file run-v8.cif (mmCIF, N, CA, C and O atoms)
data_data
#
loop_
_atom_site.group_PDB
_atom_site.id
_atom_site.type_symbol
_atom_site.label_atom_id
_atom_site.label_comp_id
_atom_site.auth_asym_id
_atom_site.auth_seq_id
_atom_site.Cartn_x
_atom_site.Cartn_y
_atom_site.Cartn_z
ATOM 1 N N MET A 1 -0.962 -13.135 0.350
ATOM 2 C CA MET A 1 -0.385 -12.320 -0.684
ATOM 3 C C MET A 1 1.135 -12.340 -0.510
ATOM 4 O O MET A 1 1.637 -12.312 0.605
ATOM 5 N N LYS A 2 1.825 -12.349 -1.610
ATOM 6 C CA LYS A 2 3.280 -12.366 -1.568
ATOM 7 C C LYS A 2 3.809 -11.000 -1.146
ATOM 8 O O LYS A 2 3.225 -9.960 -1.465
ATOM 9 N N LYS A 3 4.933 -11.019 -0.431
ATOM 10 C CA LYS A 3 5.546 -9.770 0.041
ATOM 11 C C LYS A 3 5.952 -8.880 -1.129
ATOM 12 O O LYS A 3 5.875 -7.661 -1.040
ATOM 13 N N ASN A 4 6.390 -9.500 -2.228
ATOM 14 C CA ASN A 4 6.800 -8.722 -3.381
ATOM 15 C C ASN A 4 5.635 -7.892 -3.922
ATOM 16 O O ASN A 4 5.799 -6.716 -4.268
ATOM 17 N N LEU A 5 4.457 -8.488 -3.969
ATOM 18 C CA LEU A 5 3.267 -7.786 -4.438
ATOM 19 C C LEU A 5 2.913 -6.651 -3.482
ATOM 20 O O LEU A 5 2.555 -5.546 -3.908
ATOM 21 N N GLU A 6 3.053 -6.899 -2.198
ATOM 22 C CA GLU A 6 2.782 -5.854 -1.207
ATOM 23 C C GLU A 6 3.755 -4.685 -1.384
ATOM 24 O O GLU A 6 3.364 -3.525 -1.337
ATOM 25 N N ARG A 7 5.028 -4.985 -1.625
ATOM 26 C CA ARG A 7 6.017 -3.915 -1.850
ATOM 27 C C ARG A 7 5.681 -3.112 -3.099
ATOM 28 O O ARG A 7 5.834 -1.892 -3.113
ATOM 29 N N MET A 8 5.209 -3.786 -4.147
ATOM 30 C CA MET A 8 4.822 -3.072 -5.368
ATOM 31 C C MET A 8 3.656 -2.135 -5.100
ATOM 32 O O MET A 8 3.658 -0.978 -5.538
ATOM 33 N N ILE A 9 2.662 -2.615 -4.351
ATOM 34 C CA ILE A 9 1.496 -1.791 -4.015
ATOM 35 C C ILE A 9 1.946 -0.550 -3.247
ATOM 36 O O ILE A 9 1.521 0.573 -3.538
ATOM 37 N N LEU A 10 2.832 -0.731 -2.275
ATOM 38 C CA LEU A 10 3.300 0.399 -1.479
ATOM 39 C C LEU A 10 4.129 1.366 -2.311
ATOM 40 O O LEU A 10 4.040 2.583 -2.134
ATOM 41 N N LYS A 11 4.925 0.854 -3.240
ATOM 42 C CA LYS A 11 5.705 1.736 -4.110
ATOM 43 C C LYS A 11 4.777 2.575 -4.970
ATOM 44 O O LYS A 11 4.966 3.783 -5.106
ATOM 45 N N TRP A 12 3.764 1.947 -5.547
ATOM 46 C CA TRP A 12 2.801 2.697 -6.359
ATOM 47 C C TRP A 12 2.101 3.755 -5.514
ATOM 48 O O TRP A 12 1.912 4.880 -5.958
ATOM 49 N N HIS A 13 1.736 3.399 -4.300
ATOM 50 C CA HIS A 13 1.084 4.353 -3.391
ATOM 51 C C HIS A 13 2.003 5.534 -3.109
ATOM 52 O O HIS A 13 1.581 6.691 -3.177
ATOM 53 N N GLU A 14 3.274 5.240 -2.812
ATOM 54 C CA GLU A 14 4.236 6.305 -2.536
ATOM 55 C C GLU A 14 4.476 7.185 -3.764
ATOM 56 O O GLU A 14 4.784 8.363 -3.636
ATOM 57 N N ASP A 15 4.312 6.606 -4.950
ATOM 58 C CA ASP A 15 4.478 7.362 -6.194
ATOM 59 C C ASP A 15 3.235 8.160 -6.564
ATOM 60 O O ASP A 15 3.209 8.829 -7.593
ATOM 61 N N GLY A 16 2.179 8.068 -5.730
ATOM 62 C CA GLY A 16 0.980 8.871 -5.949
ATOM 63 C C GLY A 16 -0.123 8.197 -6.737
ATOM 64 O O GLY A 16 -1.094 8.846 -7.116
ATOM 65 N N ILE A 17 0.000 6.898 -6.991
ATOM 66 C CA ILE A 17 -1.049 6.176 -7.710
ATOM 67 C C ILE A 17 -2.236 5.989 -6.762
ATOM 68 O O ILE A 17 -2.064 5.628 -5.600
ATOM 69 N N THR A 18 -3.433 6.233 -7.260
ATOM 70 C CA THR A 18 -4.626 6.140 -6.417
ATOM 71 C C THR A 18 -4.997 4.684 -6.142
ATOM 72 O O THR A 18 -4.590 3.768 -6.855
ATOM 73 N N LEU A 19 -5.792 4.493 -5.110
ATOM 74 C CA LEU A 19 -6.271 3.164 -4.728
ATOM 75 C C LEU A 19 -7.012 2.503 -5.895
ATOM 76 O O LEU A 19 -6.808 1.322 -6.181
ATOM 77 N N ASP A 20 -7.863 3.252 -6.584
ATOM 78 C CA ASP A 20 -8.625 2.689 -7.704
ATOM 79 C C ASP A 20 -7.704 2.193 -8.814
ATOM 80 O O ASP A 20 -7.921 1.125 -9.381
ATOM 81 N N LYS A 21 -6.672 2.960 -9.117
ATOM 82 C CA LYS A 21 -5.740 2.547 -10.173
ATOM 83 C C LYS A 21 -4.920 1.338 -9.740
ATOM 84 O O LYS A 21 -4.666 0.437 -10.540
ATOM 85 N N ILE A 22 -4.493 1.312 -8.483
ATOM 86 C CA ILE A 22 -3.745 0.160 -7.988
ATOM 87 C C ILE A 22 -4.613 -1.087 -8.059
ATOM 88 O O ILE A 22 -4.150 -2.152 -8.470
ATOM 89 N N ALA A 23 -5.882 -0.959 -7.688
ATOM 90 C CA ALA A 23 -6.798 -2.101 -7.714
ATOM 91 C C ALA A 23 -6.950 -2.651 -9.132
ATOM 92 O O ALA A 23 -7.056 -3.858 -9.326
ATOM 93 N N ARG A 24 -6.907 -1.774 -10.123
ATOM 94 C CA ARG A 24 -6.988 -2.248 -11.511
ATOM 95 C C ARG A 24 -5.694 -2.916 -11.949
ATOM 96 O O ARG A 24 -5.701 -3.810 -12.788
ATOM 97 N N LEU A 25 -4.565 -2.491 -11.384
ATOM 98 C CA LEU A 25 -3.279 -3.095 -11.740
ATOM 99 C C LEU A 25 -3.118 -4.500 -11.164
ATOM 100 O O LEU A 25 -2.410 -5.330 -11.739
ATOM 101 N N VAL A 26 -3.733 -4.745 -10.013
ATOM 102 C CA VAL A 26 -3.638 -6.058 -9.362
ATOM 103 C C VAL A 26 -5.046 -6.573 -9.039
ATOM 104 O O VAL A 26 -5.459 -6.587 -7.881
ATOM 105 N N PRO A 27 -5.778 -7.007 -10.061
ATOM 106 C CA PRO A 27 -7.174 -7.435 -9.845
ATOM 107 C C PRO A 27 -7.308 -8.667 -8.955
ATOM 108 O O PRO A 27 -8.390 -8.922 -8.433
ATOM 109 N N GLN A 28 -6.219 -9.405 -8.747
ATOM 110 C CA GLN A 28 -6.288 -10.601 -7.908
ATOM 111 C C GLN A 28 -6.308 -10.262 -6.419
ATOM 112 O O GLN A 28 -6.574 -11.129 -5.588
ATOM 113 N N VAL A 29 -6.053 -8.988 -6.080
ATOM 114 C CA VAL A 29 -6.056 -8.559 -4.681
ATOM 115 C C VAL A 29 -7.309 -7.710 -4.449
ATOM 116 O O VAL A 29 -7.527 -6.726 -5.163
ATOM 117 N N PRO A 30 -8.129 -8.065 -3.472
ATOM 118 C CA PRO A 30 -9.338 -7.266 -3.188
ATOM 119 C C PRO A 30 -8.973 -5.825 -2.816
ATOM 120 O O PRO A 30 -7.966 -5.572 -2.157
ATOM 121 N N LYS A 31 -9.809 -4.917 -3.264
ATOM 122 C CA LYS A 31 -9.584 -3.490 -3.018
ATOM 123 C C LYS A 31 -9.476 -3.201 -1.518
ATOM 124 O O LYS A 31 -8.648 -2.391 -1.090
ATOM 125 N N ALA A 32 -10.276 -3.871 -0.710
ATOM 126 C CA ALA A 32 -10.241 -3.662 0.738
ATOM 127 C C ALA A 32 -8.886 -4.076 1.317
ATOM 128 O O ALA A 32 -8.371 -3.431 2.236
ATOM 129 N N GLU A 33 -8.296 -5.132 0.766
ATOM 130 C CA GLU A 33 -6.991 -5.576 1.246
ATOM 131 C C GLU A 33 -5.903 -4.571 0.857
ATOM 132 O O GLU A 33 -5.004 -4.280 1.644
ATOM 133 N N ILE A 34 -5.997 -4.025 -0.349
ATOM 134 C CA ILE A 34 -5.043 -2.991 -0.782
ATOM 135 C C ILE A 34 -5.159 -1.779 0.137
ATOM 136 O O ILE A 34 -4.155 -1.226 0.592
ATOM 137 N N ALA A 35 -6.386 -1.372 0.439
ATOM 138 C CA ALA A 35 -6.614 -0.225 1.323
ATOM 139 C C ALA A 35 -6.034 -0.490 2.709
ATOM 140 O O ALA A 35 -5.435 0.401 3.319
ATOM 141 N N ALA A 36 -6.167 -1.715 3.201
ATOM 142 C CA ALA A 36 -5.635 -2.063 4.521
ATOM 143 C C ALA A 36 -4.104 -2.015 4.521
ATOM 144 O O ALA A 36 -3.497 -1.533 5.484
ATOM 145 N N ILE A 37 -3.488 -2.481 3.451
ATOM 146 C CA ILE A 37 -2.020 -2.435 3.338
ATOM 147 C C ILE A 37 -1.540 -0.992 3.356
ATOM 148 O O ILE A 37 -0.609 -0.637 4.078
ATOM 149 N N ILE A 38 -2.194 -0.155 2.568
ATOM 150 C CA ILE A 38 -1.820 1.262 2.497
ATOM 151 C C ILE A 38 -2.037 1.939 3.842
ATOM 152 O O ILE A 38 -1.182 2.690 4.320
ATOM 153 N N HIS A 39 -3.175 1.664 4.473
ATOM 154 C CA HIS A 39 -3.489 2.283 5.768
ATOM 155 C C HIS A 39 -2.452 1.885 6.823
ATOM 156 O O HIS A 39 -1.961 2.729 7.571
ATOM 157 N N ARG A 40 -2.121 0.592 6.871
ATOM 158 C CA ARG A 40 -1.130 0.106 7.834
ATOM 159 C C ARG A 40 0.226 0.765 7.578
ATOM 160 O O ARG A 40 0.897 1.208 8.504
ATOM 161 N N HIS A 41 0.611 0.870 6.309
ATOM 162 C CA HIS A 41 1.889 1.496 5.954
ATOM 163 C C HIS A 41 1.908 2.969 6.366
ATOM 164 O O HIS A 41 2.877 3.445 6.948
ATOM 165 N N ASP A 42 0.824 3.677 6.046
ATOM 166 C CA ASP A 42 0.748 5.106 6.408
ATOM 167 C C ASP A 42 0.805 5.276 7.924
ATOM 168 O O ASP A 42 1.480 6.172 8.425
ATOM 169 N N LYS A 43 0.115 4.422 8.663
ATOM 170 C CA LYS A 43 0.111 4.515 10.124
ATOM 171 C C LYS A 43 1.507 4.247 10.668
ATOM 172 O O LYS A 43 1.988 4.974 11.542
ATOM 173 N N GLU A 44 2.190 3.231 10.142
ATOM 174 C CA GLU A 44 3.559 2.933 10.604
ATOM 175 C C GLU A 44 4.500 4.073 10.251
ATOM 176 O O GLU A 44 5.364 4.426 11.061
ATOM 177 N N THR A 45 4.334 4.662 9.091
ATOM 178 C CA THR A 45 5.189 5.766 8.669
ATOM 179 C C THR A 45 4.967 6.982 9.557
ATOM 180 O O THR A 45 5.928 7.628 9.984
ATOM 181 N N ILE A 46 3.724 7.276 9.884
ATOM 182 C CA ILE A 46 3.411 8.412 10.760
ATOM 183 C C ILE A 46 3.957 8.158 12.160
ATOM 184 O O ILE A 46 4.556 9.026 12.782
ATOM 185 N N ASP A 47 3.783 6.930 12.662
ATOM 186 C CA ASP A 47 4.274 6.586 14.004
ATOM 187 C C ASP A 47 5.790 6.731 14.093
ATOM 188 O O ASP A 47 6.324 7.162 15.109
ATOM 189 N N GLU A 48 6.503 6.399 13.027
ATOM 190 C CA GLU A 48 7.957 6.495 13.025
ATOM 191 C C GLU A 48 8.445 7.939 13.020
ATOM 192 O O GLU A 48 9.524 8.238 13.494
ATOM 193 N N THR A 49 7.632 8.842 12.452
ATOM 194 C CA THR A 49 8.064 10.242 12.344
ATOM 195 C C THR A 49 7.644 11.089 13.547
ATOM 196 O O THR A 49 8.048 12.237 13.646
ATOM 197 N N GLN A 50 6.827 10.530 14.433
ATOM 198 C CA GLN A 50 6.391 11.280 15.620
ATOM 199 C C GLN A 50 7.540 11.399 16.600
ATOM 200 O O GLN A 50 8.234 10.425 16.877
ATOM 201 N N PRO A 51 7.759 12.586 17.173
ATOM 202 C CA PRO A 51 8.798 12.720 18.193
ATOM 203 C C PRO A 51 8.422 11.946 19.449
ATOM 204 O O PRO A 51 7.243 11.788 19.769
ATOM 205 N N VAL A 52 9.420 11.468 20.124
ATOM 206 C CA VAL A 52 9.190 10.668 21.342
ATOM 207 C C VAL A 52 9.174 11.545 22.550
ATOM 208 O O VAL A 52 9.760 12.531 22.676
#

call {"tool": "encode", "arguments": {"input": "run-v8.cif", "output": "structure tokens"}}
result
Amino acid sequence: MKKNLERMILKWHEDGITLDKIARLVPQVPKAEIAAIIHRHDKETIDETQPV
């Protein structure tokens, strides 16, 4: 998957678009892959905000 498409998916996620709606916007990307991108992003975001 192209990085640009991944950035679009993450922007939509950050804007509150649901996984189901994102999957309809990009039918060429499997729903499981979209979920994995979002999960990885959320995990990285949480890890960055945790105090050391």

call {"tool": "residues_around", "arguments": {"input": "run-v8.cif", "residues": "A:His13", "least_positions_apart": "3", "cutoff": "10 Å", "atoms": "only C-alpha atoms", "output": "VMD selection string"}}
result
chain A and resid 7 to 10 16 to 19 21 to 22 34 38 41 to 42

call {"tool": "write_last_selection", "arguments": {"input": "run-v8.cif", "atoms": "N, CA, C and O atoms", "output": "mmCIF file, in the frame of the given file"}}
result
data_model
loop_
_atom_site.group_PDB
_atom_site.id
_atom_site.type_symbol
_atom_site.label_atom_id
_atom_site.label_comp_id
_atom_site.auth_asym_id
_atom_site.auth_seq_id
_atom_site.Cartn_x
_atom_site.Cartn_y
_atom_site.Cartn_z
ATOM 1 N N ARG A 7 5.028 -4.985 -1.625
ATOM 2 C CA ARG A 7 6.017 -3.915 -1.850
ATOM 3 C C ARG A 7 5.681 -3.112 -3.099
ATOM 4 O O ARG A 7 5.834 -1.892 -3.113
ATOM 5 N N MET A 8 5.209 -3.786 -4.147
ATOM 6 C CA MET A 8 4.822 -3.072 -5.368
ATOM 7 C C MET A 8 3.656 -2.135 -5.100
ATOM 8 O O MET A 8 3.658 -0.978 -5.538
ATOM 9 N N ILE A 9 2.662 -2.615 -4.351
ATOM 10 C CA ILE A 9 1.496 -1.791 -4.015
ATOM 11 C C ILE A 9 1.946 -0.550 -3.247
ATOM 12 O O ILE A 9 1.521 0.573 -3.538
ATOM 13 N N LEU A 10 2.832 -0.731 -2.275
ATOM 14 C CA LEU A 10 3.300 0.399 -1.479
ATOM 15 C C LEU A 10 4.129 1.366 -2.311
ATOM 16 O O LEU A 10 4.040 2.583 -2.134
ATOM 17 N N GLY A 16 2.179 8.068 -5.730
ATOM 18 C CA GLY A 16 0.980 8.871 -5.949
ATOM 19 C C GLY A 16 -0.123 8.197 -6.737
ATOM 20 O O GLY A 16 -1.094 8.846 -7.116
ATOM 21 N N ILE A 17 0.000 6.898 -6.991
ATOM 22 C CA ILE A 17 -1.049 6.176 -7.710
ATOM 23 C C ILE A 17 -2.236 5.989 -6.762
ATOM 24 O O ILE A 17 -2.064 5.628 -5.600
ATOM 25 N N THR A 18 -3.433 6.233 -7.260
ATOM 26 C CA THR A 18 -4.626 6.140 -6.417
ATOM 27 C C THR A 18 -4.997 4.684 -6.142
ATOM 28 O O THR A 18 -4.590 3.768 -6.855
ATOM 29 N N LEU A 19 -5.792 4.493 -5.110
ATOM 30 C CA LEU A 19 -6.271 3.164 -4.728
ATOM 31 C C LEU A 19 -7.012 2.503 -5.895
ATOM 32 O O LEU A 19 -6.808 1.322 -6.181
ATOM 33 N N LYS A 21 -6.672 2.960 -9.117
ATOM 34 C CA LYS A 21 -5.740 2.547 -10.173
ATOM 35 C C LYS A 21 -4.920 1.338 -9.740
ATOM 36 O O LYS A 21 -4.666 0.437 -10.540
ATOM 37 N N ILE A 22 -4.493 1.312 -8.483
ATOM 38 C CA ILE A 22 -3.745 0.160 -7.988
ATOM 39 C C ILE A 22 -4.613 -1.087 -8.059
ATOM 40 O O ILE A 22 -4.150 -2.152 -8.470
ATOM 41 N N ILE A 34 -5.997 -4.025 -0.349
ATOM 42 C CA ILE A 34 -5.043 -2.991 -0.782
ATOM 43 C C ILE A 34 -5.159 -1.779 0.137
ATOM 44 O O ILE A 34 -4.155 -1.226 0.592
ATOM 45 N N ILE A 38 -2.194 -0.155 2.568
ATOM 46 C CA ILE A 38 -1.820 1.262 2.497
ATOM 47 C C ILE A 38 -2.037 1.939 3.842
ATOM 48 O O ILE A 38 -1.182 2.690 4.320
ATOM 49 N N HIS A 41 0.611 0.870 6.309
ATOM 50 C CA HIS A 41 1.889 1.496 5.954
ATOM 51 C C HIS A 41 1.908 2.969 6.366
ATOM 52 O O HIS A 41 2.877 3.445 6.948
ATOM 53 N N ASP A 42 0.824 3.677 6.046
ATOM 54 C CA ASP A 42 0.748 5.106 6.408
ATOM 55 C C ASP A 42 0.805 5.276 7.924
ATOM 56 O O ASP A 42 1.480 6.172 8.425
#

call {"tool": "atom_distance", "arguments": {"input": "run-v8.cif", "atom1": "atom N of A:Ile37", "atom2": "atom O of A:Leu5"}}
result
10.0 Å

call {"tool": "atom_distance", "arguments": {"input": "run-v8.cif", "atom1": "atom O of A:Arg24", "atom2": "atom N of A:His39"}}
result
18.3 Å

call {"tool": "axis_aligned_box", "arguments": {"input": "run-v8.cif", "around": "stretch 5-10 of chain A", "padding_each_side": "5 Å", "output": "AutoDock Vina command-line options"}}
result
--center_x 3.8 --center_y -3.0 --center_z -3.4 --size_x 14.5 --size_y 21.1 --size_z 14.3

call {"tool": "atom_distance", "arguments": {"input": "run-v8.cif", "atom1": "atom O of A:Glu33", "atom2": "atom O of A:Asp47"}}
result
21.0 Å

call {"tool": "select_by_dssp", "arguments": {"input": "run-v8.cif", "residues": "chain A", "states": "alpha helix (DSSP H)", "output": "ChimeraX atom specification"}}
result
/A:3-14,19-25,31-49

call {"tool": "build_atoms", "arguments": {"input": "run-v8.cif", "residues": "stretch 13-24 of chain A", "atoms": "all heavy atoms", "output": "compact mmCIF listing (two decimals), in the frame of the given file"}}
result
# COMPACT_ATOMS: atom_id res chain seq x y z
N HIS A 13 1.74 3.40 -4.30
CA HIS A 13 1.08 4.35 -3.39
C HIS A 13 2.00 5.53 -3.11
O HIS A 13 1.58 6.69 -3.18
CB HIS A 13 0.69 3.65 -2.09
CG HIS A 13 0.22 4.57 -1.01
ND1 HIS A 13 -0.92 5.33 -1.13
CD2 HIS A 13 0.76 4.88 0.20
CE1 HIS A 13 -1.07 6.06 -0.03
NE2 HIS A 13 -0.07 5.79 0.78
N GLU A 14 3.27 5.24 -2.81
CA GLU A 14 4.24 6.30 -2.54
C GLU A 14 4.48 7.18 -3.76
O GLU A 14 4.78 8.36 -3.64
CB GLU A 14 5.55 5.71 -2.04
CG GLU A 14 5.43 5.12 -0.65
CD GLU A 14 6.64 4.31 -0.22
OE1 GLU A 14 7.54 4.07 -1.06
OE2 GLU A 14 6.67 3.90 0.95
N ASP A 15 4.31 6.61 -4.95
CA ASP A 15 4.48 7.36 -6.19
C ASP A 15 3.24 8.16 -6.56
O ASP A 15 3.21 8.83 -7.59
CB ASP A 15 4.85 6.42 -7.34
CG ASP A 15 6.25 5.86 -7.22
OD1 ASP A 15 7.06 6.41 -6.43
OD2 ASP A 15 6.55 4.88 -7.92
N GLY A 16 2.18 8.07 -5.73
CA GLY A 16 0.98 8.87 -5.95
C GLY A 16 -0.12 8.20 -6.74
O GLY A 16 -1.09 8.85 -7.12
N ILE A 17 0.00 6.90 -6.99
CA ILE A 17 -1.05 6.18 -7.71
C ILE A 17 -2.24 5.99 -6.76
O ILE A 17 -2.06 5.63 -5.60
CB ILE A 17 -0.54 4.80 -8.20
CG1 ILE A 17 0.75 4.94 -9.01
CG2 ILE A 17 -1.62 4.06 -8.97
CD1 ILE A 17 0.62 5.70 -10.30
N THR A 18 -3.43 6.23 -7.26
CA THR A 18 -4.63 6.14 -6.42
C THR A 18 -5.00 4.68 -6.14
O THR A 18 -4.59 3.77 -6.86
CB THR A 18 -5.83 6.82 -7.09
OG1 THR A 18 -6.15 6.10 -8.28
CG2 THR A 18 -5.56 8.28 -7.40
N LEU A 19 -5.79 4.49 -5.11
CA LEU A 19 -6.27 3.16 -4.73
C LEU A 19 -7.01 2.50 -5.90
O LEU A 19 -6.81 1.32 -6.18
CB LEU A 19 -7.18 3.26 -3.50
CG LEU A 19 -7.87 1.98 -3.06
CD1 LEU A 19 -6.86 0.90 -2.69
CD2 LEU A 19 -8.79 2.27 -1.88
N ASP A 20 -7.86 3.25 -6.58
CA ASP A 20 -8.62 2.69 -7.70
C ASP A 20 -7.70 2.19 -8.81
O ASP A 20 -7.92 1.12 -9.38
CB ASP A 20 -9.60 3.71 -8.27
CG ASP A 20 -10.76 3.98 -7.34
OD1 ASP A 20 -11.13 3.07 -6.56
OD2 ASP A 20 -11.31 5.10 -7.36
N LYS A 21 -6.67 2.96 -9.12
CA LYS A 21 -5.74 2.55 -10.17
C LYS A 21 -4.92 1.34 -9.74
O LYS A 21 -4.67 0.44 -10.54
CB LYS A 21 -4.83 3.71 -10.56
CG LYS A 21 -5.54 4.78 -11.34
CD LYS A 21 -4.61 5.88 -11.76
CE LYS A 21 -5.38 6.96 -12.51
NZ LYS A 21 -4.51 8.07 -12.91
N ILE A 22 -4.49 1.31 -8.48
CA ILE A 22 -3.74 0.16 -7.99
C ILE A 22 -4.61 -1.09 -8.06
O ILE A 22 -4.15 -2.15 -8.47
CB ILE A 22 -3.24 0.40 -6.55
CG1 ILE A 22 -2.20 1.52 -6.53
CG2 ILE A 22 -2.64 -0.88 -5.97
CD1 ILE A 22 -1.78 1.98 -5.13
N ALA A 23 -5.88 -0.96 -7.69
CA ALA A 23 -6.80 -2.10 -7.71
C ALA A 23 -6.95 -2.65 -9.13
O ALA A 23 -7.06 -3.86 -9.33
CB ALA A 23 -8.16 -1.70 -7.14
N ARG A 24 -6.91 -1.77 -10.12
CA ARG A 24 -6.99 -2.25 -11.51
C ARG A 24 -5.69 -2.92 -11.95
O ARG A 24 -5.70 -3.81 -12.79
CB ARG A 24 -7.33 -1.10 -12.45
CG ARG A 24 -8.83 -0.75 -12.38
CD ARG A 24 -9.16 0.32 -13.35
NE ARG A 24 -8.90 1.57 -12.62
CZ ARG A 24 -8.89 2.78 -13.15
NH1 ARG A 24 -9.10 2.93 -14.43
NH2 ARG A 24 -8.68 3.83 -12.42
